[in-house]
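data.txt (compact mmCIF, C-alpha atoms)
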```txt
# COMPACT_ATOMS: atom_id res chain seq x y z
CA MET H 1 23.13 -14.02 0.95
CA SER H 2 22.23 -13.85 -2.71
CA LEU H 3 18.83 -15.50 -2.23
CA VAL H 4 17.86 -13.04 0.49
CA PHE H 5 19.12 -10.16 -1.66
CA TRP H 6 16.96 -11.07 -4.65
CA ALA H 7 13.96 -11.72 -2.42
CA SER H 8 14.45 -8.24 -0.95
CA VAL H 9 14.64 -6.75 -4.43
CA GLY H 10 11.35 -8.46 -5.33
CA ALA H 11 9.77 -7.24 -2.10
CA ALA H 12 10.89 -3.67 -2.81
CA ILE H 13 9.37 -3.87 -6.30
CA LEU H 14 6.12 -5.13 -4.73
CA LEU H 15 6.11 -2.33 -2.16
CA ILE H 16 6.31 0.52 -4.69
CA PRO H 17 2.70 0.19 -6.01
CA ALA H 18 1.54 -0.38 -2.43
CA LEU H 19 3.01 2.99 -1.42
CA VAL H 20 1.48 4.69 -4.46
CA LEU H 21 -1.98 3.23 -3.79
CA VAL H 22 -1.99 4.16 -0.10
CA ALA H 23 -0.72 7.69 -0.85
CA TRP H 24 -3.50 8.07 -3.42
CA ARG H 25 -6.07 7.04 -0.82
CA LEU H 26 -4.50 9.47 1.66
CA LEU H 27 -4.83 12.35 -0.79
CA VAL H 28 -8.21 11.48 -2.33
CA GLY H 29 -10.06 9.68 0.45
CA PRO H 30 -13.58 11.11 0.70
CA SER H 31 -13.94 11.17 4.48
CA SER H 32 -11.48 12.04 7.23
CA ALA H 33 -11.54 8.47 8.55
CA ASP H 34 -10.16 7.26 5.23
CA ARG H 35 -7.18 9.57 5.61
CA VAL H 36 -6.52 8.37 9.16
CA ILE H 37 -6.68 4.73 7.99
CA ALA H 38 -4.28 5.51 5.13
CA THR H 39 -1.89 7.12 7.62
CA ASP H 40 -1.96 3.96 9.73
CA MET H 41 -1.27 1.86 6.64
CA LEU H 42 1.66 4.13 5.73
CA GLY H 43 3.14 3.39 9.16
CA LEU H 44 2.93 -0.34 8.45
CA LEU H 45 4.61 0.19 5.07
CA GLY H 46 7.35 2.14 6.86
CA ILE H 47 7.92 -0.87 9.14
CA ALA H 48 8.27 -3.06 6.05
CA ILE H 49 10.76 -0.63 4.46
CA ALA H 50 12.83 -0.55 7.67
CA ALA H 51 12.91 -4.37 7.62
CA LEU H 52 14.04 -4.27 3.98
CA SER H 53 16.82 -1.83 4.92
CA ALA H 54 17.93 -4.27 7.61
CA CYS H 55 18.10 -6.98 4.94
CA PHE H 56 20.04 -4.86 2.44
CA THR H 57 22.61 -3.42 4.83
CA GLY H 58 22.88 -6.22 7.40
CA TYR H 59 22.54 -3.84 10.34
CA SER H 60 20.14 -5.07 13.00
CA ALA H 61 19.59 -1.50 14.26
CA TYR H 62 17.02 -1.03 11.50
CA LEU H 63 14.79 -3.58 13.25
CA ASP H 64 14.82 -1.34 16.33
CA ILE H 65 13.82 1.53 14.03
CA ALA H 66 10.93 -0.66 12.85
CA VAL H 67 9.81 -1.12 16.47
CA GLY H 68 9.94 2.66 16.94
CA ILE H 69 7.87 3.26 13.82
CA ALA H 70 5.31 0.73 15.11
CA LEU H 71 5.09 2.58 18.43
CA PHE H 72 4.54 6.00 16.87
CA SER H 73 2.12 4.65 14.27
CA PHE H 74 -0.03 3.19 17.04
CA LEU H 75 0.08 6.43 19.03
CA GLY H 76 -0.83 8.42 15.94
CA ALA H 77 -3.77 6.15 15.12
CA VAL H 78 -5.20 6.43 18.64
CA ALA H 79 -4.68 10.22 18.72
CA PHE H 80 -6.37 10.71 15.34
CA ALA H 81 -9.28 8.51 16.42
CA ALA H 82 -9.75 10.64 19.55
CA LEU H 83 -9.58 13.77 17.40
CA LEU H 84 -12.30 12.48 15.07
CA GLU H 85 -14.62 11.54 17.95
CA ARG H 86 -14.05 14.91 19.62
CA ALA H 87 -14.78 16.79 16.38
CA GLN H 88 -18.04 14.87 16.05
CA LEU H 89 -19.00 15.68 19.63
CA SER H 90 -18.22 19.38 19.30
CA SER H 91 -20.13 19.63 16.03
CA ALA H 92 -23.12 17.66 17.37
CA SER H 93 -23.54 19.78 20.52
CA ASP H 94 -24.58 22.99 18.81
CA VAL H 95 -26.67 23.93 21.85
CA ARG H 96 -23.62 24.47 24.03
CA PRO H 97 -20.75 25.10 21.64
CA THR H 98 -18.28 26.47 24.19
CA ASP H 99 -18.58 23.59 26.67
CA GLU H 100 -15.67 21.53 25.39
CA ASN H 101 -13.59 20.90 28.50
CA MET Y 1 21.14 -29.06 2.47
CA ASP Y 2 23.04 -26.80 4.77
CA LEU Y 3 21.42 -25.24 7.81
CA SER Y 4 22.45 -21.73 6.71
CA THR Y 5 20.92 -22.35 3.29
CA LEU Y 6 17.70 -23.43 4.98
CA ARG Y 7 17.68 -20.25 7.08
CA GLU Y 8 18.21 -18.06 4.02
CA ALA Y 9 15.49 -19.83 2.06
CA THR Y 10 13.05 -19.42 4.98
CA SER Y 11 13.85 -15.72 5.32
CA ALA Y 12 13.46 -15.15 1.56
CA PHE Y 13 10.08 -16.92 1.69
CA PHE Y 14 8.87 -14.78 4.59
CA ILE Y 15 10.07 -11.55 2.95
CA LEU Y 16 8.33 -12.31 -0.33
CA VAL Y 17 5.10 -13.46 1.33
CA GLY Y 18 5.07 -10.37 3.56
CA ALA Y 19 5.55 -8.03 0.61
CA PHE Y 20 2.77 -9.77 -1.31
CA VAL Y 21 0.37 -9.51 1.64
CA LEU Y 22 1.27 -5.82 2.11
CA ALA Y 23 0.64 -5.12 -1.58
CA SER Y 24 -2.74 -6.86 -1.28
CA ALA Y 25 -3.57 -4.77 1.80
CA ALA Y 26 -2.68 -1.58 -0.06
CA LEU Y 27 -4.86 -2.66 -2.96
CA GLY Y 28 -7.69 -3.21 -0.48
CA VAL Y 29 -7.15 0.24 1.08
CA ALA Y 30 -7.34 1.80 -2.36
CA ARG Y 31 -10.20 -0.21 -3.81
CA PHE Y 32 -12.66 -1.15 -1.04
CA PRO Y 33 -15.90 0.88 -1.15
CA ASP Y 34 -16.13 1.88 2.50
CA ALA Y 35 -14.08 3.33 5.35
CA PHE Y 36 -14.81 0.25 7.50
CA THR Y 37 -13.73 -2.30 4.91
CA ARG Y 38 -10.62 -0.19 4.28
CA MET Y 39 -9.88 -0.28 8.01
CA HIS Y 40 -10.30 -4.07 7.91
CA ALA Y 41 -7.77 -4.40 5.06
CA ALA Y 42 -5.26 -1.95 6.50
CA THR Y 43 -5.11 -3.38 10.01
CA LYS Y 44 -5.41 -7.15 9.62
CA ALA Y 45 -3.60 -7.80 6.34
CA GLY Y 46 -1.14 -4.99 6.97
CA VAL Y 47 -0.06 -6.39 10.32
CA VAL Y 48 0.33 -9.89 8.87
CA GLY Y 49 2.48 -8.52 6.04
CA ALA Y 50 4.65 -6.27 8.19
CA GLY Y 51 5.11 -9.01 10.81
CA SER Y 52 6.12 -11.50 8.15
CA MET Y 53 8.67 -9.07 6.72
CA LEU Y 54 10.07 -8.40 10.21
CA LEU Y 55 10.40 -12.15 10.83
CA GLY Y 56 12.09 -12.66 7.46
CA SER Y 57 14.60 -9.87 7.98
CA GLY Y 58 15.38 -11.08 11.49
CA LEU Y 59 16.08 -14.53 10.05
CA ALA Y 60 18.16 -13.00 7.25
CA ILE Y 61 20.50 -11.23 9.67
CA GLY Y 62 20.51 -14.35 11.78
CA THR Y 63 21.95 -13.19 15.11
CA TRP Y 64 20.10 -13.49 18.39
CA PRO Y 65 19.71 -9.70 19.05
CA ALA Y 66 18.26 -9.19 15.57
CA MET Y 67 15.88 -12.09 16.06
CA LEU Y 68 14.80 -10.72 19.45
CA SER Y 69 14.21 -7.25 17.97
CA ALA Y 70 12.11 -8.74 15.19
CA LEU Y 71 10.09 -10.82 17.65
CA ALA Y 72 9.57 -7.76 19.88
CA GLY Y 73 8.30 -5.82 16.88
CA ILE Y 74 5.90 -8.62 15.92
CA GLY Y 75 4.63 -8.89 19.48
CA PHE Y 76 4.09 -5.15 19.69
CA LEU Y 77 2.24 -5.10 16.37
CA VAL Y 78 -0.05 -7.99 17.29
CA ALA Y 79 -0.74 -6.52 20.73
CA THR Y 80 -1.62 -3.03 19.48
CA VAL Y 81 -3.50 -3.78 16.25
CA THR Y 82 -6.63 -4.73 18.17
CA LEU Y 83 -6.71 -1.39 19.98
CA SER Y 84 -5.93 0.72 16.93
CA ALA Y 85 -8.43 -1.14 14.72
CA HIS Y 86 -11.18 -0.75 17.31
CA ALA Y 87 -10.40 2.95 17.82
CA LEU Y 88 -10.27 3.63 14.07
CA GLY Y 89 -13.53 1.83 13.36
CA ARG Y 90 -15.33 3.52 16.24
CA ALA Y 91 -14.03 6.95 15.21
CA ALA Y 92 -15.00 6.32 11.59
CA TYR Y 93 -18.54 5.37 12.62
CA LEU Y 94 -18.97 8.23 15.08
CA SER Y 95 -17.53 10.84 12.73
CA GLY Y 96 -20.07 10.01 10.05
CA ALA Y 97 -18.11 8.12 7.42
CA PRO Y 98 -20.62 6.98 4.78
CA LEU Y 99 -21.51 3.30 4.60
CA ALA Y 100 -21.18 1.52 1.28
CA PRO Y 101 -24.40 0.99 -0.69
CA GLU Y 102 -23.75 -2.77 -0.53
CA THR Y 103 -24.14 -2.76 3.26
CA VAL Y 104 -26.65 -5.41 4.36
CA SER Y 105 -27.38 -4.37 7.94
CA ASN Y 106 -26.29 -1.78 10.47
CA ALA Y 107 -26.74 -2.97 14.04
CA LEU Y 108 -25.80 0.43 15.50
CA GLU Y 109 -28.27 2.44 13.47
CA HIS Y 110 -30.34 3.87 16.33
CA VAL Y 111 -27.79 3.30 19.10
CA TYR Y 112 -25.25 6.07 18.54
CA PRO Y 113 -26.01 9.59 17.34
CA ARG Y 114 -24.19 10.13 14.08
CA PRO Y 115 -23.90 13.13 11.75
CA ALA Y 116 -25.16 12.77 8.22
CA ARG Y 117 -21.78 13.71 6.79
CA ASP Y 118 -18.16 13.98 7.77
CA ALA Y 119 -17.57 15.97 10.94
CA LEU Y 120 -14.20 17.47 10.07
CA ALA Y 121 -14.83 18.05 6.37
CA GLY Y 122 -18.28 19.53 6.97
CA SER Y 123 -17.19 22.14 9.50
CA GLY Y 124 -16.04 24.49 6.77
CA GLN Y 125 -12.51 24.95 8.12
CA GLY Y 126 -10.77 21.98 6.55
CA SER Y 127 -8.17 22.14 3.82
CA PRO Y 128 -9.38 22.98 0.30
CA SER Y 129 -8.59 19.50 -0.97
CA SER Y 130 -10.76 17.85 1.70
CA THR Y 131 -13.76 20.05 0.99
CA GLN Y 132 -13.31 19.50 -2.72
CA ALA Y 133 -13.08 15.74 -2.27
CA SER Y 134 -16.14 15.57 0.00
CA SER Y 135 -18.18 17.69 -2.37
CA GLY Y 136 -17.03 15.61 -5.31
CA ARG Y 137 -18.45 12.43 -3.81
```
Please lay out the structure from this file as structure tokens.
Amino acid sequence: MSLVFWASVGAAILLIPALVLVAWRLLVGPSSADRVIATDMLGLLGIAIAALSACFTGYSAYLDIAVGIALFSFLGAVAFAALLERAQLSSASDVRPTDEN
Amino acid sequence: MDLSTLREATSAFFILVGAFVLASAALGVARFPDAFTRMHAATKAGVVGAGSMLLGSGLAIGTWPAMLSALAGIGFLVATVTLSAHALGRAAYLSGAPLAPETVSNALEHVYPRPARDALAGSGQGSPSSTQASSGR
């Protein structure tokens, strides 16, 4: 188990700058689409961290947590995409601004 | 070489390769010039990296339920990344994310109506950081 342990330590060290870079893009990102994309990428990094927790502790329940994070990350990405398209539609139709539903 | 040693070496390889691919994807999300190229880096390379780390951790635990959970996660990721990448790219284009100045051609230029700037940030009711960031660019 020592080889897997040190590989997990190396992977955790590699994931720290990845989290910092994606969080910077989430805070700075010039358009709203950049923030949604950074949120999706943070979900993928959460899957990787759940897999690393499964390696460190030896509990396979963390892999089920990774599947759950994947599910909610996908739902969040689709919901944010629908929100962006709807905001564009409501701002483009200035002629009839109250006709949303 | 023992079979257990081979399994551990394979899982360590997959974990390290997945972490490297995820770090490259995060670098692409931070450094690419455009919302569309950032979407490309986040979805494709991110799913490869996360799937590789799931496969490596499933191999590291080594039981059949753990391996099935890891394979279910990989299958779910690969099945949904197409939908989420398409939805994110379409929403980024329709909401008026600016194209990079290095863009060669835009096949959808006169096909979809598109605002000149960001729809949510330009409506005047966003958070102060978003309006500051959009005005800073």
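Closest approach to H:Leu19 among H:Val36, H:Ala81, H:Leu44, H:Ile65 is made by H:Leu44 (distances from only C-alpha atoms).
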At a cut-off of 8 Å, list the chain H residues touching chain Y, using only C-alpha atoms, as a tab-separated table (two decimals) with C-alpha atoms, in the coordinates of the input.
```
chain	number	residue	atom	x	y	z
H	1	MET	CA	23.13	-14.02	0.95
H	3	LEU	CA	18.83	-15.50	-2.23
H	4	VAL	CA	17.86	-13.04	0.49
H	7	ALA	CA	13.96	-11.72	-2.42
H	8	SER	CA	14.45	-8.24	-0.95
H	10	GLY	CA	11.35	-8.46	-5.33
H	11	ALA	CA	9.77	-7.24	-2.10
H	12	ALA	CA	10.89	-3.67	-2.81
H	14	LEU	CA	6.12	-5.13	-4.73
H	15	LEU	CA	6.11	-2.33	-2.16
H	17	PRO	CA	2.70	0.19	-6.01
H	18	ALA	CA	1.54	-0.38	-2.43
H	19	LEU	CA	3.01	2.99	-1.42
H	21	LEU	CA	-1.98	3.23	-3.79
H	22	VAL	CA	-1.99	4.16	-0.10
H	24	TRP	CA	-3.50	8.07	-3.42
H	25	ARG	CA	-6.07	7.04	-0.82
H	28	VAL	CA	-8.21	11.48	-2.33
H	29	GLY	CA	-10.06	9.68	0.45
H	30	PRO	CA	-13.58	11.11	0.70
H	31	SER	CA	-13.94	11.17	4.48
H	32	SER	CA	-11.48	12.04	7.23
H	33	ALA	CA	-11.54	8.47	8.55
H	34	ASP	CA	-10.16	7.26	5.23
H	36	VAL	CA	-6.52	8.37	9.16
H	37	ILE	CA	-6.68	4.73	7.99
H	38	ALA	CA	-4.28	5.51	5.13
H	40	ASP	CA	-1.96	3.96	9.73
H	41	MET	CA	-1.27	1.86	6.64
H	44	LEU	CA	2.93	-0.34	8.45
H	45	LEU	CA	4.61	0.19	5.07
H	47	ILE	CA	7.92	-0.87	9.14
H	48	ALA	CA	8.27	-3.06	6.05
H	51	ALA	CA	12.91	-4.37	7.62
H	52	LEU	CA	14.04	-4.27	3.98
H	54	ALA	CA	17.93	-4.27	7.61
H	55	CYS	CA	18.10	-6.98	4.94
H	58	GLY	CA	22.88	-6.22	7.40
H	59	TYR	CA	22.54	-3.84	10.34
H	60	SER	CA	20.14	-5.07	13.00
H	61	ALA	CA	19.59	-1.50	14.26
H	63	LEU	CA	14.79	-3.58	13.25
H	64	ASP	CA	14.82	-1.34	16.33
H	66	ALA	CA	10.93	-0.66	12.85
H	67	VAL	CA	9.81	-1.12	16.47
H	70	ALA	CA	5.31	0.73	15.11
H	71	LEU	CA	5.09	2.58	18.43
H	74	PHE	CA	-0.03	3.19	17.04
H	77	ALA	CA	-3.77	6.15	15.12
H	78	VAL	CA	-5.20	6.43	18.64
H	81	ALA	CA	-9.28	8.51	16.42
H	82	ALA	CA	-9.75	10.64	19.55
H	84	LEU	CA	-12.30	12.48	15.07
H	85	GLU	CA	-14.62	11.54	17.95
H	87	ALA	CA	-14.78	16.79	16.38
H	88	GLN	CA	-18.04	14.87	16.05
H	91	SER	CA	-20.13	19.63	16.03
H	92	ALA	CA	-23.12	17.66	17.37
```
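Computed from the coordinates, the atom CA of H:Arg86 to atom CA of Y:Leu99 distance equals 20.4 Å.
Between atom CA of H:Phe80 and atom CA of Y:Val111 lies a distance of 23.0 Å.
In this model, the gap between atom CA of Y:Thr103 and atom CA of Y:Pro33 comes to 10.0 Å.
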